[in-house]
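Colleague: Pasting my_file20.txt here (compact mmCIF, C-alpha atoms):
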# COMPACT_ATOMS: atom_id res chain seq x y z
CA MET R 1 16.83 -23.88 7.58
CA ASN R 2 19.03 -25.32 4.87
CA LEU R 3 17.79 -24.10 1.48
CA PHE R 4 19.38 -26.97 -0.40
CA ARG R 5 17.73 -29.55 1.82
CA GLN R 6 14.36 -27.74 1.42
CA ALA R 7 14.88 -27.55 -2.37
CA GLY R 8 15.19 -31.30 -2.63
CA SER R 9 12.20 -32.04 -0.42
CA GLY R 10 9.31 -30.76 -2.55
CA PRO R 11 7.94 -31.27 -6.03
CA GLY R 12 8.97 -27.77 -7.15
CA GLY R 13 12.43 -28.04 -5.69
CA PHE R 14 14.66 -25.04 -5.98
CA GLU R 15 12.03 -23.00 -7.87
CA ASP R 16 9.81 -23.13 -4.77
CA VAL R 17 12.67 -21.83 -2.65
CA ILE R 18 13.25 -18.96 -5.10
CA ASP R 19 9.52 -18.14 -5.01
CA ASP R 20 9.60 -18.13 -1.20
CA ILE R 21 12.64 -15.84 -1.14
CA THR R 22 11.05 -13.50 -3.70
CA GLU R 23 7.82 -13.29 -1.70
CA SER R 24 9.80 -12.67 1.49
CA LEU R 25 11.70 -9.82 -0.19
CA ARG R 26 8.45 -8.31 -1.51
CA ARG R 27 6.94 -8.43 1.98
CA THR R 28 10.08 -6.83 3.48
CA VAL R 29 10.06 -3.99 0.92
CA THR R 30 6.32 -3.50 1.47
CA ASP R 31 6.93 -3.27 5.22
CA ILE R 32 9.66 -0.65 4.66
CA VAL R 33 7.38 1.45 2.45
CA VAL R 34 4.45 1.13 4.87
CA LYS R 35 6.59 2.15 7.84
CA HIS R 36 7.93 5.14 5.92
CA LEU R 37 4.41 6.21 4.89
CA GLU R 38 3.20 5.78 8.44
CA ASP R 39 6.06 7.91 9.78
CA ARG R 40 5.27 10.71 7.31
CA LEU R 41 1.45 10.62 7.06
CA VAL R 42 0.38 9.94 10.64
CA ALA R 43 0.61 13.45 12.02
CA PRO R 44 -1.69 15.86 13.83
CA SER R 45 -0.95 18.56 11.24
CA LEU R 46 -2.32 16.25 8.51
CA HIS R 47 -5.28 15.22 10.68
CA MET R 48 -4.44 11.54 10.15
CA SER R 49 -3.96 8.72 12.60
CA LEU R 50 -3.05 5.07 12.27
CA ALA R 51 -6.05 2.74 12.37
CA ASP R 52 -4.41 -0.58 11.42
CA ARG R 53 -1.74 -2.35 9.40
CA ARG R 54 -1.90 -5.36 7.09
CA ILE R 55 -5.56 -6.30 6.96
CA GLU R 56 -6.20 -9.57 5.12
CA LEU R 57 -9.50 -10.00 3.28
CA MET R 58 -10.83 -12.89 1.24
CA GLU R 59 -13.65 -13.21 -1.26
CA ASP R 60 -14.36 -16.27 -3.40
CA GLU R 61 -10.91 -17.70 -2.59
CA ARG R 62 -9.21 -14.49 -3.81
CA ASP R 63 -6.91 -12.67 -1.43
CA TYR R 64 -7.17 -8.94 -0.90
CA SER R 65 -5.20 -6.89 1.56
CA VAL R 66 -4.80 -3.38 2.85
CA ASP R 67 -1.25 -2.63 3.95
CA LEU R 68 -1.97 0.57 5.86
CA LEU R 69 -5.28 1.88 7.19
CA LEU R 70 -5.36 5.54 8.16
CA PHE R 71 -8.15 7.61 9.64
CA HIS R 72 -8.69 11.25 8.67
CA ALA R 73 -9.97 12.93 11.83
CA VAL R 74 -11.49 16.01 10.17
CA GLN R 75 -13.29 14.16 7.38
CA LEU R 76 -14.12 11.15 9.60
CA ARG R 77 -12.95 8.92 6.79
CA TYR R 78 -10.77 5.80 6.53
CA ILE R 79 -8.00 5.73 3.93
CA ALA R 80 -6.97 2.24 2.79
CA VAL R 81 -3.46 2.11 1.32
CA GLN R 82 -2.34 -0.84 -0.77
CA VAL R 83 1.36 -1.13 -1.63
CA HIS R 84 2.41 -3.21 -4.62
CA VAL R 85 6.11 -3.99 -4.89
CA GLY R 86 6.61 -4.21 -8.63
CA ARG R 87 5.37 -2.65 -11.84
CA PHE R 88 2.12 -0.74 -12.04
CA ASP R 89 -0.66 -2.51 -13.93
CA LEU R 90 -4.18 -1.17 -14.57
CA ALA R 91 -5.65 -4.39 -13.11
CA LEU R 92 -4.22 -3.36 -9.73
CA ILE R 93 -6.62 -0.42 -9.60
CA ALA R 94 -9.63 -2.75 -9.78
CA HIS R 95 -8.01 -5.00 -7.18
CA THR R 96 -7.52 -2.05 -4.81
CA ARG R 97 -11.09 -0.84 -5.40
CA ARG R 98 -12.37 -4.31 -4.50
CA ALA R 99 -10.25 -4.40 -1.32
CA VAL R 100 -11.70 -1.03 -0.28
CA ALA R 101 -15.24 -2.23 -1.07
CA LEU R 102 -14.73 -5.35 1.07
CA LEU R 103 -13.17 -3.40 3.94
CA ASP R 104 -15.61 -0.48 4.06
CA PRO R 105 -18.63 -2.28 5.60
CA LEU R 106 -16.37 -3.95 8.16
CA ILE R 107 -14.94 -0.75 9.63
CA ARG R 108 -17.23 2.14 8.82
CA ASP R 109 -20.37 3.23 10.60
CA PRO R 110 -22.34 4.99 7.82
CA GLU R 111 -24.16 7.17 10.35
CA ILE R 112 -20.86 8.60 11.58
CA HIS R 113 -18.12 8.07 8.99
CA SER R 114 -17.68 9.29 5.44
CA SER R 115 -17.02 6.68 2.77
CA THR R 116 -13.67 4.90 2.79
CA VAL R 117 -11.24 5.83 0.02
CA GLY R 118 -8.24 3.99 -1.37
CA ILE R 119 -4.71 4.63 -2.49
CA LEU R 120 -2.64 2.30 -4.65
CA LEU R 121 1.13 2.71 -4.51
CA CYS R 122 3.40 0.78 -6.86
CA THR R 123 7.16 0.85 -6.48
CA ASP R 124 7.74 0.91 -10.24
CA ALA R 125 6.06 2.38 -13.30
CA PRO R 126 4.93 0.24 -16.23
CA ALA R 127 7.59 -0.69 -18.80
CA TYR R 128 6.43 2.00 -21.26
CA ALA R 129 6.76 4.86 -18.71
CA PRO R 130 9.75 6.53 -17.09
CA PRO R 131 10.99 4.54 -14.07
CA GLY R 132 9.80 5.42 -10.61
CA PRO R 133 6.92 4.88 -8.23
CA VAL R 134 3.27 5.32 -9.23
CA ALA R 135 0.45 6.48 -6.95
CA VAL R 136 -3.24 6.29 -7.80
CA ALA R 137 -5.68 8.04 -5.48
CA LEU R 138 -9.14 6.48 -5.59
CA TYR R 139 -11.05 9.56 -4.47
CA ASP R 140 -13.90 9.20 -6.98
CA ASP R 141 -16.78 10.30 -4.74
CA LEU R 142 -15.03 13.20 -3.02
CA SER R 143 -15.82 16.84 -3.56
CA PRO R 144 -12.91 19.11 -4.54
CA ASP R 145 -12.77 20.43 -0.95
CA GLU R 146 -12.64 16.91 0.50
CA GLU R 147 -10.02 15.83 -2.02
CA ALA R 148 -7.88 18.85 -1.11
CA GLY R 149 -7.56 17.48 2.43
CA MET R 150 -6.31 14.08 1.28
CA PRO R 151 -2.77 12.99 0.33
CA GLU R 152 -2.06 13.89 -3.29
CA PRO R 153 -0.54 11.30 -5.66
CA HIS R 154 2.56 13.40 -6.38
CA GLU R 155 3.18 13.73 -2.61
CA LEU R 156 2.86 9.95 -2.21
CA VAL R 157 5.26 9.33 -5.10
CA ALA R 158 7.78 11.67 -3.44
CA LEU R 159 7.42 9.76 -0.15
CA VAL R 160 8.08 6.43 -1.85
CA GLU R 161 11.04 7.88 -3.79
CA HIS R 162 12.45 9.26 -0.53
CA CYS R 163 12.03 5.86 1.07
CA PHE R 164 14.44 4.38 -1.50
CA ASP R 165 16.80 7.36 -1.71
CA THR R 166 20.24 6.11 -0.76
CA SER R 167 22.03 9.43 -1.35
CA THR R 168 21.64 10.41 2.32
CA LEU R 169 23.24 7.13 3.33
CA LYS R 170 26.16 7.72 0.95
CA HIS R 171 26.74 11.21 2.33
CA ALA R 172 26.47 10.02 5.91
CA ALA R 173 29.12 7.38 5.28
CA LEU R 174 31.62 9.95 3.95
For this file, produce the structure as C-alpha cells.
Modeller:
Amino acid sequence: MNLFRQAGSGPGGFEDVIDDITESLRRTVTDIVVKHLEDRLVAPSLHMSLADRRIELMEDERDYSVDLLLFHAVQLRYIAVQVHVGRFDLALIAHTRRAVALLDPLIRDPEIHSSTVGILLCTDAPAYAPPGPVAVALYDDLSPDEEAGMPEPHELVALVEHCFDTSTLKHAAL
C-alpha cells in the first residue's frame, strides 16, 4: 500500500496514516510483551497454563480487552493480563478491573473456579516517576496464602524490563 496515496484519500490525510502506524506499532510491542510473558509464566513449576490470548470485550460501545489469559491450576483461577504500551495512568486500573469483571462470568464456573484476578502492565511509568515498566496486581479478594502463589508485581516488572533489554543482543553481536 502506498502511504502517500492513502494519505490523500481520506479526510484526515497524513494524520490518519500516522495514527494507523502508531496503533500498529503499539499492537506489535504488545504482542512482543505478551509472547515474552507467556514464555516465562506458562510453566508447570508455576502451576500456570495458557487459556487464551487477545480477548475482545465490549460494553456500551466501549472496548475492553485482555491480552493474555492464564489459568492457575492449583488455585483453579483465571488471571487476566492487560498490557498497555505507554505511560501508566490511574484510570487504566479501573479499565482493567472492568475488563476482568466483564470476562469473569464468561469463563468461570463459580462452582468450580475461584474468582478471576487481573494484572495491568504498562511499559512506562508516569512522567513524575522514574522511567521503567509498571505492574499492578489486582488481587484484592485474595488471602495472603493465595496471593503468595500469584505473580508478584516486581517479578512482572523484571519480565517486561528483560523483554526490552538489548544488552544481550549487543554482546551477542560482538
Colleague: List the spatial neighbours of range 62-64 of chain R as a ChimeraX atom specification - criterion: any atom at most 9 Å away, only C-alpha atoms, same-chain residues fewer than 2 positions off excluded.
Modeller: /R:55-60,66,95-96,98-99,102
Colleague: Using all atoms listed in the file, can you tell me which of R:Asp20, R:Ile119, R:Phe88, R:Ala101 comes closest to Leu69 in chain R?
Modeller: R:Ile119
Colleague: Do you know which residues lie at most 12 Å from (-5.5, -0.7, -11.4), with coordinates as in the file and only C-alpha atoms counted, and could you write them as a list in words?
Modeller: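 Protein and nucleic acid residues near the point are Gln82, Val83, His84, Arg87, Phe88, Asp89, Leu90, Ala91, Leu92, Ile93, Ala94, His95, Thr96, Arg97, Arg98, Ala99, Gly118, Ile119, Leu120, Leu121, Cys122, Pro126, Val134, Ala135, Val136, Ala137 and Leu138 of chain R.
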Colleague: Which residues of range 18-115 of chain R have any atom within 7 Å of an atom in range 144-167 of chain R when counting all atoms listed in the file, and what is the closest pair of atoms for each, with the distance in Å to one decimal? Order the rows by chain and rising number and write it as a Markdown table.
Modeller:
| residue | atom | partner | partner_atom | distance |
| --- | --- | --- | --- | --- |
| R:Val33 | CA | R:Cys163 | CA | 6.6 |
| R:His36 | CA | R:Cys163 | CA | 6.4 |
| R:Leu37 | CA | R:Leu159 | CA | 6.9 |
Colleague: Would you write out those residues with C-alpha atoms, as an mmCIF file, in the frame of the given file?
Modeller:
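Output file result02.cif is given in full below:
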data_model
loop_
_atom_site.group_PDB
_atom_site.id
_atom_site.type_symbol
_atom_site.label_atom_id
_atom_site.label_comp_id
_atom_site.auth_asym_id
_atom_site.auth_seq_id
_atom_site.Cartn_x
_atom_site.Cartn_y
_atom_site.Cartn_z
ATOM 1 C CA VAL R 33 7.380 1.450 2.450
ATOM 2 C CA HIS R 36 7.930 5.140 5.920
ATOM 3 C CA LEU R 37 4.410 6.210 4.890
#
Colleague: At a cut-off of 10 Å, using all atoms listed in the file, what residues contact range 105-111 of chain R? Leave out same-chain residues fewer than 5 positions from it and give the result as an MDAnalysis selection string.
Modeller: chainID R and resid 51 76:78 100 116
Colleague: For CA of Arg54 in chain R and CA of Leu41 in chain R, determine how far apart the two atoms are, in Å to one decimal place.
Modeller: 16.3 Å
Colleague: Measuring between all atoms listed in the file, which one of R:Met48, R:Leu68, R:Ile32, R:Ala80 shows the shortest distance to Thr123 in chain R?
Modeller: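 Closest candidate: R:Ile32.
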Colleague: Since the input has fewer atoms than a full residue there, write range 150-161 of chain R out with all heavy atoms, as a tab-separated table (two decimals), in the coordinates of the input.
Modeller:
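See part.tsv below for the written result:
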chain	number	residue	atom	x	y	z
R	150	MET	N	-6.86	15.43	1.35
R	150	MET	CA	-6.31	14.08	1.28
R	150	MET	C	-4.89	14.11	0.70
R	150	MET	O	-4.51	15.06	0.02
R	150	MET	CB	-7.20	13.20	0.38
R	150	MET	CG	-8.65	13.14	0.82
R	150	MET	SD	-8.88	12.51	2.46
R	150	MET	CE	-8.58	10.81	2.18
R	151	PRO	N	-4.10	13.05	0.94
R	151	PRO	CA	-2.77	12.99	0.33
R	151	PRO	C	-2.87	13.00	-1.20
R	151	PRO	O	-3.72	12.31	-1.77
R	151	PRO	CB	-2.20	11.65	0.82
R	151	PRO	CG	-3.03	11.28	1.99
R	151	PRO	CD	-4.38	11.89	1.79
R	152	GLU	N	-2.05	13.79	-1.83
R	152	GLU	CA	-2.06	13.89	-3.29
R	152	GLU	C	-1.09	12.86	-3.88
R	152	GLU	O	-0.04	12.58	-3.28
R	152	GLU	CB	-1.67	15.29	-3.73
R	152	GLU	CG	-2.70	16.33	-3.33
R	152	GLU	CD	-2.37	17.70	-3.87
R	152	GLU	OE1	-1.74	17.79	-4.93
R	152	GLU	OE2	-2.74	18.69	-3.21
R	153	PRO	N	-1.42	12.33	-5.05
R	153	PRO	CA	-0.54	11.30	-5.66
R	153	PRO	C	0.91	11.74	-5.80
R	153	PRO	O	1.81	10.95	-5.50
R	153	PRO	CB	-1.20	11.05	-7.02
R	153	PRO	CG	-2.65	11.32	-6.78
R	153	PRO	CD	-2.67	12.49	-5.82
R	154	HIS	N	1.16	12.98	-6.21
R	154	HIS	CA	2.56	13.40	-6.38
R	154	HIS	C	3.29	13.44	-5.03
R	154	HIS	O	4.49	13.17	-4.96
R	154	HIS	CB	2.66	14.74	-7.12
R	154	HIS	CG	2.24	15.93	-6.32
R	154	HIS	ND1	0.93	16.34	-6.23
R	154	HIS	CD2	2.96	16.79	-5.56
R	154	HIS	CE1	0.85	17.40	-5.46
R	154	HIS	NE2	2.06	17.70	-5.03
R	155	GLU	N	2.57	13.75	-3.95
R	155	GLU	CA	3.18	13.73	-2.61
R	155	GLU	C	3.52	12.29	-2.21
R	155	GLU	O	4.58	12.03	-1.62
R	155	GLU	CB	2.23	14.32	-1.58
R	155	GLU	CG	1.93	15.79	-1.77
R	155	GLU	CD	0.80	16.28	-0.87
R	155	GLU	OE1	-0.09	15.50	-0.51
R	155	GLU	OE2	0.84	17.48	-0.54
R	156	LEU	N	2.63	11.36	-2.53
R	156	LEU	CA	2.86	9.95	-2.21
R	156	LEU	C	4.03	9.39	-3.00
R	156	LEU	O	4.86	8.64	-2.47
R	156	LEU	CB	1.59	9.15	-2.44
R	156	LEU	CG	0.40	9.57	-1.57
R	156	LEU	CD1	-0.88	8.96	-2.10
R	156	LEU	CD2	0.64	9.19	-0.13
R	157	VAL	N	4.12	9.76	-4.28
R	157	VAL	CA	5.26	9.33	-5.10
R	157	VAL	C	6.56	9.84	-4.48
R	157	VAL	O	7.54	9.10	-4.37
R	157	VAL	CB	5.10	9.82	-6.56
R	157	VAL	CG1	6.41	9.72	-7.33
R	157	VAL	CG2	4.01	9.02	-7.27
R	158	ALA	N	6.57	11.10	-4.06
R	158	ALA	CA	7.78	11.67	-3.44
R	158	ALA	C	8.14	10.92	-2.16
R	158	ALA	O	9.33	10.68	-1.89
R	158	ALA	CB	7.57	13.15	-3.15
R	159	LEU	N	7.14	10.52	-1.37
R	159	LEU	CA	7.42	9.76	-0.15
R	159	LEU	C	8.04	8.40	-0.47
R	159	LEU	O	8.98	7.97	0.21
R	159	LEU	CB	6.14	9.56	0.66
R	159	LEU	CG	5.59	10.79	1.37
R	159	LEU	CD1	4.24	10.48	2.01
R	159	LEU	CD2	6.58	11.27	2.43
R	160	VAL	N	7.52	7.73	-1.48
R	160	VAL	CA	8.08	6.43	-1.85
R	160	VAL	C	9.49	6.60	-2.42
R	160	VAL	O	10.41	5.83	-2.09
R	160	VAL	CB	7.17	5.68	-2.84
R	160	VAL	CG1	7.81	4.39	-3.32
R	160	VAL	CG2	5.82	5.38	-2.19
R	161	GLU	N	9.69	7.62	-3.26
R	161	GLU	CA	11.04	7.88	-3.79
R	161	GLU	C	12.01	8.16	-2.65
R	161	GLU	O	13.13	7.66	-2.65
R	161	GLU	CB	11.01	9.07	-4.75
R	161	GLU	CG	10.41	8.75	-6.09
R	161	GLU	CD	10.27	9.97	-6.99
R	161	GLU	OE1	10.24	11.11	-6.48
R	161	GLU	OE2	10.16	9.76	-8.21
